[in-house]
$ cat final_20.pdb   # PDB, C-alpha atoms, pLDDT in the B column
ATOM      1  CA  MET A1483     -20.441 -16.129  28.847  1.00 82.00           C
ATOM      2  CA  THR A1484     -18.353 -16.860  25.761  1.00 93.00           C
ATOM      3  CA  VAL A1485     -14.600 -16.440  25.372  1.00 92.00           C
ATOM      4  CA  ALA A1486     -15.159 -13.412  23.138  1.00 93.00           C
ATOM      5  CA  GLU A1487     -17.287 -11.757  25.830  1.00 94.00           C
ATOM      6  CA  ILE A1488     -14.632 -12.485  28.443  1.00 91.00           C
ATOM      7  CA  LYS A1489     -11.947 -10.924  26.244  1.00 92.00           C
ATOM      8  CA  LEU A1490     -14.051  -7.788  25.810  1.00 93.00           C
ATOM      9  CA  ALA A1491     -14.604  -7.566  29.562  1.00 92.00           C
ATOM     10  CA  LEU A1492     -10.852  -7.951  30.193  1.00 92.00           C
ATOM     11  CA  MET A1493     -10.142  -4.982  27.915  1.00 93.00           C
ATOM     12  CA  THR A1494     -11.962  -2.687  30.381  1.00 94.00           C
ATOM     13  CA  LEU A1495      -9.855  -3.676  33.425  1.00 93.00           C
ATOM     14  CA  ASN A1496      -6.890  -1.734  34.778  1.00 94.00           C
ATOM     15  CA  THR A1497      -3.480  -3.279  35.470  1.00 93.00           C
ATOM     16  CA  SER A1498      -4.084  -4.271  39.097  1.00 94.00           C
ATOM     17  CA  GLU A1499      -7.427  -5.860  38.220  1.00 94.00           C
ATOM     18  CA  LEU A1500      -5.784  -7.814  35.386  1.00 94.00           C
ATOM     19  CA  THR A1501      -3.134  -9.040  37.825  1.00 95.00           C
ATOM     20  CA  ASP A1502      -5.895 -10.285  40.135  1.00 95.00           C
ATOM     21  CA  VAL A1503      -7.594 -12.076  37.214  1.00 94.00           C
ATOM     22  CA  ILE A1504      -4.308 -13.716  36.167  1.00 92.00           C
ATOM     23  CA  ASP A1505      -3.677 -14.917  39.742  1.00 92.00           C
ATOM     24  CA  ALA A1506      -7.209 -16.321  39.958  1.00 92.00           C
ATOM     25  CA  ALA A1507      -6.798 -18.121  36.613  1.00 89.00           C
ATOM     26  CA  LYS A1508      -3.505 -19.694  37.785  1.00 85.00           C
ATOM     27  CA  ASP A1509      -5.155 -20.826  41.022  1.00 84.00           C
ATOM     28  CA  ILE A1510      -8.027 -22.410  39.094  1.00 86.00           C
ATOM     29  CA  LYS A1511      -5.600 -24.137  36.719  1.00 80.00           C
ATOM     30  CA  THR A1512      -3.599 -25.493  39.676  1.00 76.00           C
ATOM     31  CA  PHE A1513      -6.737 -26.729  41.477  1.00 80.00           C
ATOM     32  CA  THR A1514      -8.016 -28.433  38.332  1.00 78.00           C
ATOM     33  CA  ALA A1515      -4.674 -30.124  37.684  1.00 72.00           C
ATOM     34  CA  LYS A1516      -4.314 -31.183  41.299  1.00 73.00           C
ATOM     35  CA  SER A1517      -7.752 -32.779  41.436  1.00 79.00           C
ATOM     36  CA  THR A1518      -7.209 -34.841  38.274  1.00 84.00           C
ATOM     37  CA  LEU A1519      -3.581 -35.988  38.630  1.00 88.00           C
ATOM     38  CA  THR A1520      -2.470 -39.243  40.272  1.00 91.00           C
ATOM     39  CA  VAL A1521       0.831 -40.980  40.999  1.00 94.00           C
ATOM     40  CA  GLY A1522       1.940 -43.101  38.039  1.00 95.00           C
ATOM     41  CA  GLN A1523       0.000 -41.036  35.503  1.00 95.00           C
ATOM     42  CA  ASP A1524       1.603 -40.094  32.193  1.00 95.00           C
ATOM     43  CA  VAL A1525       1.777 -36.311  31.826  1.00 95.00           C
ATOM     44  CA  PHE A1526       3.333 -33.526  29.790  1.00 95.00           C
ATOM     45  CA  VAL A1527       5.377 -30.788  31.431  1.00 95.00           C
ATOM     46  CA  VAL A1528       4.592 -27.648  29.458  1.00 93.00           C
ATOM     47  CA  GLN A1529       7.204 -24.934  29.019  1.00 91.00           C
ATOM     48  CA  LYS A1530       7.071 -21.877  26.781  1.00 89.00           C
ATOM     49  CA  THR A1531       8.398 -23.611  23.687  1.00 93.00           C
ATOM     50  CA  LYS A1532       8.105 -27.340  24.353  1.00 93.00           C
ATOM     51  CA  ARG A1533       6.174 -30.170  25.997  1.00 93.00           C
ATOM     52  CA  THR A1534       8.131 -32.961  27.676  1.00 94.00           C
ATOM     53  CA  ALA A1535       6.585 -36.339  28.492  1.00 96.00           C
ATOM     54  CA  GLY A1536       6.962 -37.716  31.996  1.00 96.00           C
ATOM     55  CA  VAL A1537       5.396 -39.793  34.776  1.00 97.00           C
ATOM     56  CA  ILE A1538       4.241 -38.475  38.167  1.00 96.00           C
ATOM     57  CA  VAL A1539       6.256 -40.080  40.975  1.00 97.00           C
ATOM     58  CA  LYS A1540       4.966 -38.088  43.972  1.00 95.00           C
ATOM     59  CA  ILE A1541       2.343 -35.388  44.581  1.00 93.00           C
ATOM     60  CA  ASN A1542       2.935 -32.607  47.117  1.00 90.00           C
ATOM     61  CA  THR A1543       0.655 -29.722  48.114  1.00 83.00           C
ATOM     62  CA  LYS A1544       1.644 -27.322  45.314  1.00 85.00           C
ATOM     63  CA  LYS A1545       4.026 -29.327  43.130  1.00 92.00           C
ATOM     64  CA  ALA A1546       4.562 -32.830  41.805  1.00 94.00           C
ATOM     65  CA  HIS A1547       7.725 -34.870  41.324  1.00 97.00           C
ATOM     66  CA  VAL A1548       7.826 -35.887  37.657  1.00 97.00           C
ATOM     67  CA  GLU A1549      10.282 -38.363  36.164  1.00 97.00           C
ATOM     68  CA  MET A1550      11.456 -37.167  32.747  1.00 95.00           C
ATOM     69  CA  ARG A1551      14.424 -38.296  30.676  1.00 92.00           C
ATOM     70  CA  GLY A1552      15.851 -40.420  33.497  1.00 93.00           C
ATOM     71  CA  SER A1553      15.750 -37.652  36.148  1.00 95.00           C
ATOM     72  CA  THR A1554      13.123 -36.497  38.633  1.00 96.00           C
ATOM     73  CA  TYR A1555      12.029 -32.839  38.638  1.00 96.00           C
ATOM     74  CA  VAL A1556       9.774 -30.901  41.000  1.00 97.00           C
ATOM     75  CA  VAL A1557       7.157 -29.224  38.789  1.00 95.00           C
ATOM     76  CA  PRO A1558       4.318 -26.814  39.699  1.00 91.00           C
ATOM     77  CA  PHE A1559       0.823 -28.116  38.876  1.00 88.00           C
ATOM     78  CA  ALA A1560       0.267 -25.162  36.543  1.00 84.00           C
ATOM     79  CA  MET A1561       2.941 -26.577  34.208  1.00 90.00           C
ATOM     80  CA  ILE A1562       1.505 -30.126  34.109  1.00 90.00           C
ATOM     81  CA  GLU A1563      -1.020 -31.460  31.584  1.00 89.00           C
ATOM     82  CA  ALA A1564      -2.449 -34.970  31.456  1.00 87.00           C
ATOM     83  CA  ALA A1565      -1.152 -37.007  28.520  1.00 84.00           C
TER      84      ALA A1565
END
$ encode --input "final_20.pdb" --output "C-alpha cells"
Amino acid sequence: MTVAEIKLALMTLNTSELTDVIDAAKDIKTFTAKSTLTVGQDVFVVQKTKRTAGVIVKINTKKAHVEMRGSTYVVPFAMIEAA
C-alpha cells in the first residue's frame, strides 16, 4: 500500500476512527524510537518549529532524559529522532 492509497483510505474514516489511527501511529512511532535509542546516543528533540540537538542520559519506559544546552529534560520518545 502506498502513501497515496493510505491518504485516500483515511479520507473515508469518521472522527473517532481517525483518532484511533492517530493513537496507533503515535504508539508505533514510540515503539520504533524506543527500540533504536541507546544511552549516550546523539539525538534531536523535535518540536513544532525547531529541532534541538542533545544526548540521551537515561531511558525510562515511556520517556528519555536528554541533556540539551547544559540542562537535562524528560522527553517522550515520540519527540526524539536519532541524529
$ resolve_selection --input "final_20.pdb" --expression "the PyMOL selection byres ((chain A and resi 1545) around 6)" --output "list in words"
Asn1542, Lys1544, Ala1546, Val1557, Pro1558 and Phe1559 of chain A
$ atom_distance --input "final_20.pdb" --atom1 "CA of Ser1553 in chain A" --atom2 "CA of Thr1534 in chain A"
12.3 Å
$ atom_distance --input "final_20.pdb" --atom1 "CA of Thr1501 in chain A" --atom2 "CA of Val1527 in chain A"
24.2 Å
$ resolve_selection --input "final_20.pdb" --expression "the PyMOL selection byres ((chain A and resi 1540) around 10)" --output "VMD selection string"
chain A and resid 1520 to 1522 1537 to 1539 1541 to 1542 1545 to 1549 1554 1556
$ atom_distance --input "final_20.pdb" --atom1 "CA of Thr1543 in chain A" --atom2 "CA of Lys1516 in chain A"
8.6 Å
$ residues_near_point --input "final_20.pdb" --point "(-3.1, -29.7, 35.4)" --cutoff "10 Å" --atoms "only C-alpha atoms" --output "VMD selection string"
chain A and resid 1510 to 1519 1525 to 1528 1558 to 1564
$ write_last_selection --input "final_20.pdb" --atoms "C-alpha atoms" --output "PDB file, in the frame of the given file"
ATOM      1  CA  ILE A1510      -8.027 -22.410  39.094  1.00 86.00           C
ATOM      2  CA  LYS A1511      -5.600 -24.137  36.719  1.00 80.00           C
ATOM      3  CA  THR A1512      -3.599 -25.493  39.676  1.00 76.00           C
ATOM      4  CA  PHE A1513      -6.737 -26.729  41.477  1.00 80.00           C
ATOM      5  CA  THR A1514      -8.016 -28.433  38.332  1.00 78.00           C
ATOM      6  CA  ALA A1515      -4.674 -30.124  37.684  1.00 72.00           C
ATOM      7  CA  LYS A1516      -4.314 -31.183  41.299  1.00 73.00           C
ATOM      8  CA  SER A1517      -7.752 -32.779  41.436  1.00 79.00           C
ATOM      9  CA  THR A1518      -7.209 -34.841  38.274  1.00 84.00           C
ATOM     10  CA  LEU A1519      -3.581 -35.988  38.630  1.00 88.00           C
ATOM     11  CA  VAL A1525       1.777 -36.311  31.826  1.00 95.00           C
ATOM     12  CA  PHE A1526       3.333 -33.526  29.790  1.00 95.00           C
ATOM     13  CA  VAL A1527       5.377 -30.788  31.431  1.00 95.00           C
ATOM     14  CA  VAL A1528       4.592 -27.648  29.458  1.00 93.00           C
ATOM     15  CA  PRO A1558       4.318 -26.814  39.699  1.00 91.00           C
ATOM     16  CA  PHE A1559       0.823 -28.116  38.876  1.00 88.00           C
ATOM     17  CA  ALA A1560       0.267 -25.162  36.543  1.00 84.00           C
ATOM     18  CA  MET A1561       2.941 -26.577  34.208  1.00 90.00           C
ATOM     19  CA  ILE A1562       1.505 -30.126  34.109  1.00 90.00           C
ATOM     20  CA  GLU A1563      -1.020 -31.460  31.584  1.00 89.00           C
ATOM     21  CA  ALA A1564      -2.449 -34.970  31.456  1.00 87.00           C
TER      22      ALA A1564
END
$ axis_aligned_box --input "final_20.pdb" --around "range 1490-1505 of chain A" --padding-each-side "8 Å" --output "lines of an AutoDock Vina configuration file"
center_x = -8.9
center_y = -8.3
center_z = 33.0
size_x = 27.5
size_y = 29.2
size_z = 30.3
$ closest_residue --input "final_20.pdb" --among "A:Asp1509, A:Ala1491, A:Asn1496, A:Gly1536" --to "Tyr1555 in chain A" --atoms "only C-alpha atoms"
A:Gly1536
$ residues_around --input "final_20.pdb" --residues "Leu1492 in chain A" --least-positions-apart "6" --cutoff "9 Å" --atoms "all atoms listed in the file" --output "ChimeraX atom specification"
/A:1499-1500,1503
$ build_atoms --input "final_20.pdb" --residues "range 1488-1520 of chain A" --atoms "N, CA and C atoms" --output "short mmCIF file (atom, residue, chain, number, x, y, z; two decimals), keeping the file's coordinate frame"
data_model
loop_
_atom_site.label_atom_id
_atom_site.label_comp_id
_atom_site.auth_asym_id
_atom_site.auth_seq_id
_atom_site.Cartn_x
_atom_site.Cartn_y
_atom_site.Cartn_z
N ILE A 1488 -15.63 -12.60 27.38
CA ILE A 1488 -14.63 -12.48 28.44
C ILE A 1488 -13.49 -11.59 28.00
N LYS A 1489 -13.03 -11.76 26.76
CA LYS A 1489 -11.95 -10.92 26.24
C LYS A 1489 -12.35 -9.46 26.22
N LEU A 1490 -13.57 -9.17 25.81
CA LEU A 1490 -14.05 -7.79 25.81
C LEU A 1490 -14.10 -7.23 27.23
N ALA A 1491 -14.55 -8.02 28.18
CA ALA A 1491 -14.60 -7.57 29.56
C ALA A 1491 -13.20 -7.31 30.11
N LEU A 1492 -12.23 -8.13 29.73
CA LEU A 1492 -10.85 -7.95 30.19
C LEU A 1492 -10.24 -6.65 29.67
N MET A 1493 -10.67 -6.22 28.51
CA MET A 1493 -10.14 -4.98 27.92
C MET A 1493 -10.50 -3.75 28.76
N THR A 1494 -11.53 -3.84 29.58
CA THR A 1494 -11.96 -2.69 30.38
C THR A 1494 -11.27 -2.62 31.74
N LEU A 1495 -10.48 -3.63 32.11
CA LEU A 1495 -9.86 -3.68 33.42
C LEU A 1495 -8.53 -2.92 33.45
N ASN A 1496 -8.19 -2.39 34.64
CA ASN A 1496 -6.89 -1.73 34.78
C ASN A 1496 -5.83 -2.78 35.13
N THR A 1497 -4.60 -2.36 35.28
CA THR A 1497 -3.48 -3.28 35.47
C THR A 1497 -3.61 -4.12 36.74
N SER A 1498 -3.99 -3.50 37.85
CA SER A 1498 -4.08 -4.27 39.10
C SER A 1498 -5.23 -5.28 39.03
N GLU A 1499 -6.32 -4.92 38.38
CA GLU A 1499 -7.43 -5.86 38.22
C GLU A 1499 -7.03 -7.02 37.32
N LEU A 1500 -6.26 -6.75 36.26
CA LEU A 1500 -5.78 -7.81 35.39
C LEU A 1500 -4.85 -8.76 36.14
N THR A 1501 -4.02 -8.21 37.01
CA THR A 1501 -3.13 -9.04 37.83
C THR A 1501 -3.95 -9.98 38.71
N ASP A 1502 -5.02 -9.45 39.30
CA ASP A 1502 -5.90 -10.28 40.14
C ASP A 1502 -6.55 -11.39 39.31
N VAL A 1503 -6.97 -11.08 38.09
CA VAL A 1503 -7.59 -12.08 37.21
C VAL A 1503 -6.58 -13.16 36.84
N ILE A 1504 -5.35 -12.76 36.53
CA ILE A 1504 -4.31 -13.72 36.17
C ILE A 1504 -4.02 -14.65 37.35
N ASP A 1505 -3.91 -14.09 38.55
CA ASP A 1505 -3.68 -14.92 39.74
C ASP A 1505 -4.82 -15.91 39.96
N ALA A 1506 -6.05 -15.44 39.78
CA ALA A 1506 -7.21 -16.32 39.96
C ALA A 1506 -7.20 -17.44 38.92
N ALA A 1507 -6.84 -17.11 37.67
CA ALA A 1507 -6.80 -18.12 36.61
C ALA A 1507 -5.72 -19.17 36.92
N LYS A 1508 -4.57 -18.75 37.42
CA LYS A 1508 -3.50 -19.69 37.78
C LYS A 1508 -3.96 -20.60 38.92
N ASP A 1509 -4.65 -20.02 39.90
CA ASP A 1509 -5.16 -20.83 41.02
C ASP A 1509 -6.15 -21.88 40.54
N ILE A 1510 -7.03 -21.48 39.64
CA ILE A 1510 -8.03 -22.41 39.09
C ILE A 1510 -7.34 -23.52 38.31
N LYS A 1511 -6.33 -23.15 37.51
CA LYS A 1511 -5.60 -24.14 36.72
C LYS A 1511 -4.88 -25.13 37.64
N THR A 1512 -4.29 -24.63 38.72
CA THR A 1512 -3.60 -25.49 39.68
C THR A 1512 -4.59 -26.43 40.36
N PHE A 1513 -5.73 -25.90 40.81
CA PHE A 1513 -6.74 -26.73 41.48
C PHE A 1513 -7.26 -27.82 40.55
N THR A 1514 -7.52 -27.46 39.30
CA THR A 1514 -8.02 -28.43 38.33
C THR A 1514 -6.99 -29.53 38.09
N ALA A 1515 -5.73 -29.14 37.91
CA ALA A 1515 -4.67 -30.12 37.68
C ALA A 1515 -4.51 -31.02 38.90
N LYS A 1516 -4.52 -30.42 40.08
CA LYS A 1516 -4.31 -31.18 41.30
C LYS A 1516 -5.41 -32.21 41.54
N SER A 1517 -6.63 -31.87 41.18
CA SER A 1517 -7.75 -32.78 41.44
C SER A 1517 -7.82 -33.93 40.43
N THR A 1518 -7.12 -33.81 39.30
CA THR A 1518 -7.21 -34.84 38.27
C THR A 1518 -5.94 -35.68 38.14
N LEU A 1519 -4.85 -35.28 38.78
CA LEU A 1519 -3.58 -35.99 38.63
C LEU A 1519 -3.40 -37.05 39.71
N THR A 1520 -2.76 -38.16 39.33
CA THR A 1520 -2.47 -39.24 40.27
C THR A 1520 -1.05 -39.75 40.07
#
